[in-house]
Each structure stands twice: as C-alpha cells, then as structure tokens.
$ cat final.cif   # mmCIF, N, CA and C atoms
data_data
loop_
_atom_site.label_atom_id
_atom_site.label_comp_id
_atom_site.auth_asym_id
_atom_site.auth_seq_id
_atom_site.Cartn_x
_atom_site.Cartn_y
_atom_site.Cartn_z
N MET A 1 52.19 -139.57 -43.53
CA MET A 1 50.78 -139.86 -43.44
C MET A 1 50.00 -138.62 -43.89
N LYS A 2 49.47 -138.65 -45.07
CA LYS A 2 48.75 -137.51 -45.63
C LYS A 2 47.35 -137.36 -45.06
N ASN A 3 46.77 -138.43 -44.53
CA ASN A 3 45.47 -138.42 -43.86
C ASN A 3 44.35 -137.91 -44.76
N TYR A 4 44.16 -138.60 -45.87
CA TYR A 4 43.12 -138.26 -46.83
C TYR A 4 41.73 -138.33 -46.20
N ALA A 5 41.53 -139.26 -45.29
CA ALA A 5 40.22 -139.39 -44.63
C ALA A 5 39.88 -138.10 -43.88
N MET A 6 40.86 -137.48 -43.25
CA MET A 6 40.62 -136.22 -42.55
C MET A 6 40.29 -135.12 -43.56
N ALA A 7 40.97 -135.10 -44.68
CA ALA A 7 40.69 -134.10 -45.71
C ALA A 7 39.24 -134.21 -46.17
N ARG A 8 38.76 -135.42 -46.37
CA ARG A 8 37.35 -135.61 -46.75
C ARG A 8 36.42 -135.08 -45.67
N ARG A 9 36.74 -135.37 -44.38
CA ARG A 9 35.89 -134.88 -43.28
C ARG A 9 35.87 -133.35 -43.24
N VAL A 10 37.02 -132.74 -43.46
CA VAL A 10 37.10 -131.27 -43.44
C VAL A 10 36.21 -130.68 -44.52
N VAL A 11 36.31 -131.19 -45.73
CA VAL A 11 35.53 -130.66 -46.85
C VAL A 11 34.04 -130.92 -46.62
N GLU A 12 33.69 -132.10 -46.12
CA GLU A 12 32.28 -132.40 -45.84
C GLU A 12 31.72 -131.50 -44.75
N ARG A 13 32.55 -131.15 -43.78
CA ARG A 13 32.11 -130.34 -42.64
C ARG A 13 31.99 -128.86 -42.98
N ALA A 14 32.75 -128.40 -43.94
CA ALA A 14 32.75 -126.98 -44.31
C ALA A 14 31.38 -126.60 -44.87
N SER A 15 30.93 -125.41 -44.51
CA SER A 15 29.61 -124.95 -44.95
C SER A 15 29.68 -124.14 -46.24
N VAL A 16 30.65 -124.45 -47.07
CA VAL A 16 30.78 -123.82 -48.38
C VAL A 16 30.87 -124.92 -49.43
N ASP A 17 30.58 -124.56 -50.66
CA ASP A 17 30.66 -125.52 -51.74
C ASP A 17 32.14 -125.74 -52.07
N ALA A 18 32.63 -126.94 -51.82
CA ALA A 18 34.04 -127.24 -52.07
C ALA A 18 34.16 -128.64 -52.66
N GLU A 19 35.11 -128.79 -53.55
CA GLU A 19 35.39 -130.09 -54.14
C GLU A 19 36.83 -130.45 -53.82
N LEU A 20 37.02 -131.61 -53.22
CA LEU A 20 38.36 -132.07 -52.86
C LEU A 20 38.99 -132.76 -54.07
N ARG A 21 40.15 -132.27 -54.46
CA ARG A 21 40.89 -132.87 -55.56
C ARG A 21 42.31 -133.15 -55.10
N THR A 22 42.81 -134.30 -55.46
CA THR A 22 44.19 -134.62 -55.11
C THR A 22 45.07 -134.45 -56.35
N VAL A 23 46.33 -134.17 -56.09
CA VAL A 23 47.29 -134.01 -57.17
C VAL A 23 48.39 -135.05 -56.93
N SER A 24 48.57 -135.91 -57.91
CA SER A 24 49.58 -136.96 -57.79
C SER A 24 50.14 -137.27 -59.17
N GLY A 25 51.43 -137.43 -59.23
CA GLY A 25 52.06 -137.81 -60.48
C GLY A 25 52.16 -136.70 -61.51
N LEU A 26 51.93 -135.48 -61.07
CA LEU A 26 51.99 -134.33 -61.98
C LEU A 26 53.43 -133.83 -62.10
N ALA A 27 53.81 -133.43 -63.27
CA ALA A 27 55.15 -132.87 -63.47
C ALA A 27 55.30 -131.60 -62.63
N TYR A 28 56.46 -131.44 -62.03
CA TYR A 28 56.73 -130.30 -61.15
C TYR A 28 56.41 -128.97 -61.83
N GLU A 29 56.71 -128.86 -63.11
CA GLU A 29 56.51 -127.62 -63.85
C GLU A 29 55.03 -127.27 -63.98
N GLU A 30 54.15 -128.24 -63.82
CA GLU A 30 52.72 -128.01 -63.95
C GLU A 30 52.08 -127.50 -62.66
N MET A 31 52.75 -127.67 -61.53
CA MET A 31 52.16 -127.31 -60.23
C MET A 31 51.75 -125.83 -60.13
N PRO A 32 52.55 -124.88 -60.59
CA PRO A 32 52.09 -123.48 -60.50
C PRO A 32 50.77 -123.25 -61.24
N HIS A 33 50.57 -123.95 -62.34
CA HIS A 33 49.31 -123.81 -63.09
C HIS A 33 48.14 -124.37 -62.28
N VAL A 34 48.36 -125.51 -61.65
CA VAL A 34 47.31 -126.12 -60.83
C VAL A 34 47.00 -125.23 -59.64
N MET A 35 48.04 -124.71 -58.99
CA MET A 35 47.82 -123.86 -57.82
C MET A 35 47.10 -122.57 -58.19
N ASN A 36 47.47 -121.99 -59.30
CA ASN A 36 46.82 -120.74 -59.71
C ASN A 36 45.38 -120.96 -60.15
N ALA A 37 45.03 -122.18 -60.51
CA ALA A 37 43.66 -122.50 -60.89
C ALA A 37 42.83 -122.98 -59.69
N SER A 38 43.47 -123.14 -58.53
CA SER A 38 42.79 -123.64 -57.34
C SER A 38 42.33 -122.49 -56.46
N ASP A 39 41.41 -122.80 -55.57
CA ASP A 39 40.88 -121.80 -54.64
C ASP A 39 41.54 -121.88 -53.27
N ALA A 40 42.07 -123.04 -52.89
CA ALA A 40 42.75 -123.21 -51.60
C ALA A 40 43.54 -124.51 -51.63
N LEU A 41 44.53 -124.58 -50.77
CA LEU A 41 45.32 -125.80 -50.58
C LEU A 41 45.00 -126.34 -49.19
N LEU A 42 44.60 -127.60 -49.12
CA LEU A 42 44.30 -128.24 -47.85
C LEU A 42 45.34 -129.31 -47.58
N ILE A 43 46.04 -129.18 -46.46
CA ILE A 43 47.05 -130.16 -46.04
C ILE A 43 46.55 -130.78 -44.74
N THR A 44 46.44 -132.10 -44.70
CA THR A 44 45.97 -132.77 -43.49
C THR A 44 46.97 -133.80 -42.99
N SER A 45 48.23 -133.60 -43.31
CA SER A 45 49.27 -134.55 -42.90
C SER A 45 49.36 -134.66 -41.39
N GLU A 46 49.65 -135.85 -40.93
CA GLU A 46 49.85 -136.08 -39.49
C GLU A 46 51.28 -135.74 -39.09
N ARG A 47 52.23 -135.99 -39.98
CA ARG A 47 53.63 -135.71 -39.72
C ARG A 47 54.32 -135.32 -41.02
N GLU A 48 55.15 -134.30 -40.93
CA GLU A 48 56.02 -133.89 -42.03
C GLU A 48 57.07 -132.98 -41.46
N SER A 49 58.25 -133.02 -42.01
CA SER A 49 59.29 -132.11 -41.52
C SER A 49 59.06 -130.71 -42.05
N GLY A 50 58.60 -130.61 -43.26
CA GLY A 50 58.35 -129.30 -43.85
C GLY A 50 57.71 -129.47 -45.20
N PRO A 51 56.41 -129.37 -45.30
CA PRO A 51 55.76 -129.53 -46.60
C PRO A 51 56.08 -128.37 -47.54
N MET A 52 56.96 -128.61 -48.49
CA MET A 52 57.37 -127.57 -49.44
C MET A 52 56.19 -127.01 -50.23
N VAL A 53 55.16 -127.81 -50.41
CA VAL A 53 54.00 -127.35 -51.16
C VAL A 53 53.36 -126.12 -50.51
N ILE A 54 53.53 -125.97 -49.21
CA ILE A 54 52.99 -124.79 -48.52
C ILE A 54 53.72 -123.54 -48.99
N LYS A 55 55.03 -123.60 -49.08
CA LYS A 55 55.80 -122.46 -49.57
C LYS A 55 55.41 -122.13 -51.01
N GLU A 56 55.25 -123.18 -51.82
CA GLU A 56 54.89 -122.98 -53.22
C GLU A 56 53.50 -122.33 -53.33
N ALA A 57 52.57 -122.80 -52.51
CA ALA A 57 51.21 -122.26 -52.55
C ALA A 57 51.20 -120.79 -52.13
N VAL A 58 51.90 -120.47 -51.06
CA VAL A 58 51.95 -119.09 -50.58
C VAL A 58 52.59 -118.20 -51.64
N ALA A 59 53.62 -118.69 -52.31
CA ALA A 59 54.27 -117.92 -53.37
C ALA A 59 53.31 -117.66 -54.53
N CYS A 60 52.36 -118.57 -54.75
CA CYS A 60 51.36 -118.40 -55.81
C CYS A 60 50.16 -117.59 -55.34
N GLY A 61 50.15 -117.18 -54.07
CA GLY A 61 49.01 -116.44 -53.55
C GLY A 61 47.81 -117.32 -53.28
N LEU A 62 48.05 -118.59 -53.03
CA LEU A 62 46.97 -119.54 -52.78
C LEU A 62 46.76 -119.69 -51.27
N PRO A 63 45.53 -119.50 -50.78
CA PRO A 63 45.29 -119.68 -49.35
C PRO A 63 45.61 -121.12 -48.93
N VAL A 64 46.24 -121.27 -47.78
CA VAL A 64 46.64 -122.57 -47.25
C VAL A 64 45.88 -122.85 -45.97
N VAL A 65 45.31 -124.05 -45.89
CA VAL A 65 44.66 -124.54 -44.68
C VAL A 65 45.38 -125.83 -44.36
N SER A 66 46.07 -125.85 -43.21
CA SER A 66 46.97 -126.97 -42.92
C SER A 66 46.95 -127.40 -41.47
N THR A 67 47.23 -128.67 -41.26
CA THR A 67 47.50 -129.13 -39.91
C THR A 67 48.82 -128.52 -39.48
N ASP A 68 49.09 -128.56 -38.20
CA ASP A 68 50.30 -127.93 -37.64
C ASP A 68 51.48 -128.89 -37.77
N VAL A 69 51.98 -129.03 -39.00
CA VAL A 69 53.10 -129.92 -39.27
C VAL A 69 54.29 -129.12 -39.78
N GLY A 70 55.48 -129.61 -39.45
CA GLY A 70 56.70 -128.99 -39.96
C GLY A 70 56.72 -127.50 -39.75
N PHE A 71 57.06 -126.77 -40.80
CA PHE A 71 57.16 -125.31 -40.71
C PHE A 71 55.90 -124.62 -41.21
N ALA A 72 54.78 -125.33 -41.28
CA ALA A 72 53.54 -124.76 -41.81
C ALA A 72 53.16 -123.47 -41.09
N ARG A 73 53.16 -123.49 -39.77
CA ARG A 73 52.75 -122.31 -39.00
C ARG A 73 53.69 -121.14 -39.27
N ASP A 74 54.99 -121.39 -39.33
CA ASP A 74 55.96 -120.33 -39.57
C ASP A 74 55.76 -119.68 -40.94
N VAL A 75 55.46 -120.50 -41.95
CA VAL A 75 55.33 -119.97 -43.31
C VAL A 75 54.06 -119.14 -43.47
N VAL A 76 52.94 -119.59 -42.92
CA VAL A 76 51.68 -118.89 -43.17
C VAL A 76 51.34 -117.83 -42.13
N GLU A 77 52.16 -117.72 -41.10
CA GLU A 77 51.88 -116.72 -40.06
C GLU A 77 51.79 -115.33 -40.68
N GLY A 78 50.68 -114.67 -40.45
CA GLY A 78 50.48 -113.32 -40.95
C GLY A 78 50.02 -113.23 -42.39
N VAL A 79 49.84 -114.37 -43.06
CA VAL A 79 49.37 -114.37 -44.44
C VAL A 79 47.85 -114.52 -44.43
N GLY A 80 47.16 -113.55 -44.98
CA GLY A 80 45.70 -113.57 -44.99
C GLY A 80 45.14 -114.79 -45.70
N GLY A 81 44.02 -115.29 -45.19
CA GLY A 81 43.35 -116.43 -45.82
C GLY A 81 43.94 -117.77 -45.46
N CYS A 82 45.00 -117.79 -44.66
CA CYS A 82 45.66 -119.05 -44.30
C CYS A 82 45.33 -119.43 -42.86
N THR A 83 45.22 -120.72 -42.61
CA THR A 83 44.88 -121.24 -41.30
C THR A 83 45.73 -122.45 -40.99
N VAL A 84 46.18 -122.55 -39.74
CA VAL A 84 46.84 -123.76 -39.26
C VAL A 84 46.05 -124.22 -38.05
N GLY A 85 45.67 -125.47 -38.04
CA GLY A 85 44.90 -126.06 -36.94
C GLY A 85 45.12 -127.55 -36.90
N ASN A 86 44.43 -128.22 -35.99
CA ASN A 86 44.61 -129.66 -35.87
C ASN A 86 43.33 -130.47 -35.97
N SER A 87 42.21 -129.87 -35.66
CA SER A 87 40.96 -130.63 -35.69
C SER A 87 40.24 -130.38 -37.01
N PRO A 88 39.40 -131.32 -37.42
CA PRO A 88 38.60 -131.11 -38.62
C PRO A 88 37.74 -129.84 -38.52
N ALA A 89 37.25 -129.54 -37.31
CA ALA A 89 36.42 -128.34 -37.14
C ALA A 89 37.23 -127.08 -37.41
N GLU A 90 38.44 -126.99 -36.85
CA GLU A 90 39.31 -125.82 -37.08
C GLU A 90 39.63 -125.67 -38.55
N LEU A 91 39.99 -126.78 -39.18
CA LEU A 91 40.36 -126.74 -40.59
C LEU A 91 39.16 -126.42 -41.47
N ALA A 92 37.98 -126.92 -41.12
CA ALA A 92 36.78 -126.60 -41.89
C ALA A 92 36.47 -125.11 -41.82
N ARG A 93 36.61 -124.52 -40.62
CA ARG A 93 36.38 -123.06 -40.50
C ARG A 93 37.42 -122.30 -41.33
N GLY A 94 38.67 -122.75 -41.30
CA GLY A 94 39.70 -122.11 -42.11
C GLY A 94 39.42 -122.23 -43.60
N LEU A 95 38.93 -123.40 -44.01
CA LEU A 95 38.59 -123.60 -45.42
C LEU A 95 37.43 -122.69 -45.82
N GLU A 96 36.45 -122.55 -44.94
CA GLU A 96 35.33 -121.65 -45.21
C GLU A 96 35.83 -120.22 -45.42
N ARG A 97 36.69 -119.75 -44.51
CA ARG A 97 37.23 -118.38 -44.65
C ARG A 97 38.01 -118.24 -45.94
N ALA A 98 38.83 -119.24 -46.26
CA ALA A 98 39.65 -119.16 -47.48
C ALA A 98 38.78 -119.10 -48.73
N LEU A 99 37.69 -119.86 -48.73
CA LEU A 99 36.86 -119.92 -49.93
C LEU A 99 35.85 -118.78 -50.03
N GLU A 100 35.57 -118.13 -48.91
CA GLU A 100 34.61 -117.02 -48.93
C GLU A 100 35.24 -115.71 -49.36
N THR A 101 36.54 -115.60 -49.30
CA THR A 101 37.20 -114.36 -49.70
C THR A 101 37.48 -114.38 -51.19
N THR A 102 37.39 -113.23 -51.81
CA THR A 102 37.66 -113.14 -53.24
C THR A 102 39.08 -112.65 -53.52
N GLU A 103 39.76 -112.21 -52.49
CA GLU A 103 41.11 -111.68 -52.66
C GLU A 103 42.15 -112.74 -52.30
N ARG A 104 43.12 -112.89 -53.17
CA ARG A 104 44.19 -113.85 -52.91
C ARG A 104 45.15 -113.25 -51.88
N PRO A 105 45.67 -114.09 -50.99
CA PRO A 105 46.62 -113.58 -49.99
C PRO A 105 47.93 -113.18 -50.65
N GLY A 106 48.56 -112.16 -50.10
CA GLY A 106 49.86 -111.74 -50.61
C GLY A 106 50.95 -112.40 -49.79
N GLY A 107 51.47 -113.48 -50.27
CA GLY A 107 52.45 -114.23 -49.50
C GLY A 107 53.87 -114.17 -50.00
N ARG A 108 54.10 -113.48 -51.11
CA ARG A 108 55.47 -113.47 -51.65
C ARG A 108 56.48 -112.88 -50.68
N ASP A 109 56.09 -111.86 -49.92
CA ASP A 109 57.02 -111.28 -48.95
C ASP A 109 57.42 -112.29 -47.90
N VAL A 110 56.50 -113.13 -47.49
CA VAL A 110 56.78 -114.17 -46.49
C VAL A 110 57.77 -115.17 -47.05
N ILE A 111 57.58 -115.55 -48.28
CA ILE A 111 58.44 -116.55 -48.90
C ILE A 111 59.87 -116.04 -49.02
N ASP A 112 60.04 -114.75 -49.23
CA ASP A 112 61.39 -114.20 -49.29
C ASP A 112 62.17 -114.52 -48.01
N GLY A 113 61.47 -114.60 -46.89
CA GLY A 113 62.12 -114.88 -45.62
C GLY A 113 62.41 -116.34 -45.38
N VAL A 114 61.86 -117.23 -46.20
CA VAL A 114 62.09 -118.67 -46.00
C VAL A 114 62.67 -119.32 -47.25
N GLY A 115 63.23 -118.52 -48.14
CA GLY A 115 63.84 -119.05 -49.35
C GLY A 115 65.17 -119.71 -49.05
N LEU A 116 65.78 -120.30 -50.05
CA LEU A 116 67.04 -121.02 -49.88
C LEU A 116 68.14 -120.13 -49.31
N GLU A 117 68.21 -118.89 -49.82
CA GLU A 117 69.27 -118.00 -49.35
C GLU A 117 69.11 -117.70 -47.86
N ARG A 118 67.89 -117.41 -47.45
CA ARG A 118 67.63 -117.10 -46.04
C ARG A 118 67.86 -118.31 -45.17
N MET A 119 67.45 -119.48 -45.64
CA MET A 119 67.68 -120.71 -44.88
C MET A 119 69.17 -120.98 -44.74
N ALA A 120 69.94 -120.73 -45.80
CA ALA A 120 71.38 -120.92 -45.74
C ALA A 120 72.02 -119.97 -44.73
N GLU A 121 71.55 -118.72 -44.72
CA GLU A 121 72.06 -117.74 -43.74
C GLU A 121 71.77 -118.20 -42.31
N ARG A 122 70.57 -118.69 -42.09
CA ARG A 122 70.20 -119.15 -40.74
C ARG A 122 71.03 -120.37 -40.34
N LEU A 123 71.26 -121.29 -41.26
CA LEU A 123 72.07 -122.47 -40.97
C LEU A 123 73.52 -122.07 -40.68
N PHE A 124 74.04 -121.12 -41.45
CA PHE A 124 75.39 -120.63 -41.22
C PHE A 124 75.51 -120.03 -39.82
N THR A 125 74.50 -119.28 -39.40
CA THR A 125 74.50 -118.70 -38.06
C THR A 125 74.50 -119.79 -36.99
N VAL A 126 73.74 -120.83 -37.20
CA VAL A 126 73.72 -121.95 -36.24
C VAL A 126 75.11 -122.57 -36.13
N TYR A 127 75.75 -122.85 -37.25
CA TYR A 127 77.07 -123.46 -37.25
C TYR A 127 78.12 -122.55 -36.59
N THR A 128 78.11 -121.27 -36.96
CA THR A 128 79.11 -120.37 -36.37
C THR A 128 78.88 -120.19 -34.88
N THR A 129 77.64 -120.19 -34.45
CA THR A 129 77.35 -120.10 -33.02
C THR A 129 77.82 -121.37 -32.31
N ALA A 130 77.61 -122.51 -32.90
CA ALA A 130 78.04 -123.78 -32.29
C ALA A 130 79.57 -123.86 -32.19
N ILE A 131 80.26 -123.37 -33.20
CA ILE A 131 81.73 -123.41 -33.20
C ILE A 131 82.29 -122.49 -32.10
N ASP A 132 81.63 -121.36 -31.89
CA ASP A 132 82.10 -120.41 -30.88
C ASP A 132 81.84 -120.86 -29.47
N LEU A 133 81.06 -121.91 -29.28
CA LEU A 133 80.77 -122.40 -27.93
C LEU A 133 82.04 -122.92 -27.35
#
$ encode --input "final.cif" --output "structure tokens"
Amino acid sequence: MKNYAMARRVVERASVDAELRTVSGLAYEEMPHVMNASDALLITSERESGPMVIKEAVACGLPVVSTDVGFARDVVEGVGGCTVGNSPAELARGLERALETTERPGGRDVIDGVGLERMAERLFTVYTTAIDL
C-alpha cells in the first residue's frame, strides 16, 4: 500500500513549494538520474518489508522523508535531511526541512553498512548463532 493520498496530503500541508511526482515504469538504470535531479524522496507506504528505494536515494545523497516502514528508520538514522514519521504533519515538517536545505545529505557511509556484503555477514552470524544453540 503506497498510500498516494497521504503523499498528496503531506505535500499540500508542507509550507514550501513542492511538486509531487511519481515514478513508475522507468528502467532501473534511469533511477539514479531521476534521484539526482530530485530534491527529496517521499515514501508514504503503510507496509513494506524494506523499501530498497530508500537505500538507493541515500546512496545518491537524496534526502528521504518516509513513514516508519521496513528498515527505513535504520537506513536514514543519522543522515542529515532525512525524516521518518507516521503522520502527515510529521512528514510535512520533514519535507520542509529537506527542501529548505541546500546541502545534500552524505549517506554513502550509511549505505556501506547495509550493503549486500554486510547483510550477508549479519545473516551468517544469525545462522551460526542458531546452530550453536
């Protein structure tokens, strides 16, 4: 459930000039270009296990404003310009902060900690710990 209606409410509520655009049917290779041309990523999903687009956005230095779904909070924790919340008011304030700053957040260091290699290491630790029980 992507909750497009909530995304519209967030953008309407924000006290900054913002235009909501959706991306659908775009080739995967084009996404970095779209993200680098964007000012912020707004995620209003009600449920997701882990929106990969958040990792991609942070890797591109794009501020993320997201509902608290999947690993969103873990990925953006400590990354400037990013907000995780649940209400339209929280997300609108986060969008305002993201759009008012002129500096892109530095998120590449965060992504290094949640890349495939790191995830594989963590999964291996879980399995070896379970076997030793």
$ residues_around --input "final.cif" --residues "stretch 33-47 of chain A" --least-positions-apart "4" --cutoff "6.5 Å" --atoms "all atoms listed in the file" --output "ChimeraX atom specification"
/A:1-4,6-7,29,57,60,62-67,69-70,98-99
$ atom_distance --input "final.cif" --atom1 "atom CA of A:Met31" --atom2 "atom CA of A:Val53"
9.3 Å
$ select_by_dssp --input "final.cif" --residues "chain A" --states "alpha helix (DSSP H)" --output "ChimeraX atom specification"
/A:4-13,31-37,52-59,72-76,88-100,108-112,116-132
$ atom_distance --input "final.cif" --atom1 "atom CA of A:Ala92" --atom2 "atom CA of A:Pro51"
19.8 Å
$ resolve_selection --input "final.cif" --expression "the PyMOL selection byres ((chain A and resi 103) around 8)" --output "PDB file with N, CA and C atoms, keeping the file's coordinate frame"
ATOM      1  N   GLY A  61      50.150-117.180 -54.070  1.00  0.00           N
ATOM      2  CA  GLY A  61      49.010-116.440 -53.550  1.00  0.00           C
ATOM      3  C   GLY A  61      47.810-117.320 -53.280  1.00  0.00           C
ATOM      4  N   PRO A  63      45.530-119.500 -50.780  1.00  0.00           N
ATOM      5  CA  PRO A  63      45.290-119.680 -49.350  1.00  0.00           C
ATOM      6  C   PRO A  63      45.610-121.120 -48.930  1.00  0.00           C
ATOM      7  N   GLY A  80      47.160-113.550 -44.980  1.00  0.00           N
ATOM      8  CA  GLY A  80      45.700-113.570 -44.990  1.00  0.00           C
ATOM      9  C   GLY A  80      45.140-114.790 -45.700  1.00  0.00           C
ATOM     10  N   GLY A  81      44.020-115.290 -45.190  1.00  0.00           N
ATOM     11  CA  GLY A  81      43.350-116.430 -45.820  1.00  0.00           C
ATOM     12  C   GLY A  81      43.940-117.770 -45.460  1.00  0.00           C
ATOM     13  N   ALA A  98      38.830-119.240 -46.260  1.00  0.00           N
ATOM     14  CA  ALA A  98      39.650-119.160 -47.480  1.00  0.00           C
ATOM     15  C   ALA A  98      38.780-119.100 -48.730  1.00  0.00           C
ATOM     16  N   GLU A 100      35.570-118.130 -48.910  1.00  0.00           N
ATOM     17  CA  GLU A 100      34.610-117.020 -48.930  1.00  0.00           C
ATOM     18  C   GLU A 100      35.240-115.710 -49.360  1.00  0.00           C
ATOM     19  N   THR A 101      36.540-115.600 -49.300  1.00  0.00           N
ATOM     20  CA  THR A 101      37.200-114.360 -49.700  1.00  0.00           C
ATOM     21  C   THR A 101      37.480-114.380 -51.190  1.00  0.00           C
ATOM     22  N   THR A 102      37.390-113.230 -51.810  1.00  0.00           N
ATOM     23  CA  THR A 102      37.660-113.140 -53.240  1.00  0.00           C
ATOM     24  C   THR A 102      39.080-112.650 -53.520  1.00  0.00           C
ATOM     25  N   ARG A 104      43.120-112.890 -53.170  1.00  0.00           N
ATOM     26  CA  ARG A 104      44.190-113.850 -52.910  1.00  0.00           C
ATOM     27  C   ARG A 104      45.150-113.250 -51.880  1.00  0.00           C
ATOM     28  N   PRO A 105      45.670-114.090 -50.990  1.00  0.00           N
ATOM     29  CA  PRO A 105      46.620-113.580 -49.990  1.00  0.00           C
ATOM     30  C   PRO A 105      47.930-113.180 -50.650  1.00  0.00           C
ATOM     31  N   GLY A 106      48.560-112.160 -50.100  1.00  0.00           N
ATOM     32  CA  GLY A 106      49.860-111.740 -50.610  1.00  0.00           C
ATOM     33  C   GLY A 106      50.950-112.400 -49.790  1.00  0.00           C
TER      34      GLY A 106
END
$ resolve_selection --input "final.cif" --expression "the PyMOL selection byres (((chain A and resi 86 and name CA) around 8) and name CA)" --output "ChimeraX atom specification"
/A:66-68,84-85,87-88,90-91
$ atom_distance --input "final.cif" --atom1 "atom C of A:Lys55" --atom2 "atom N of A:Val16"
25.2 Å
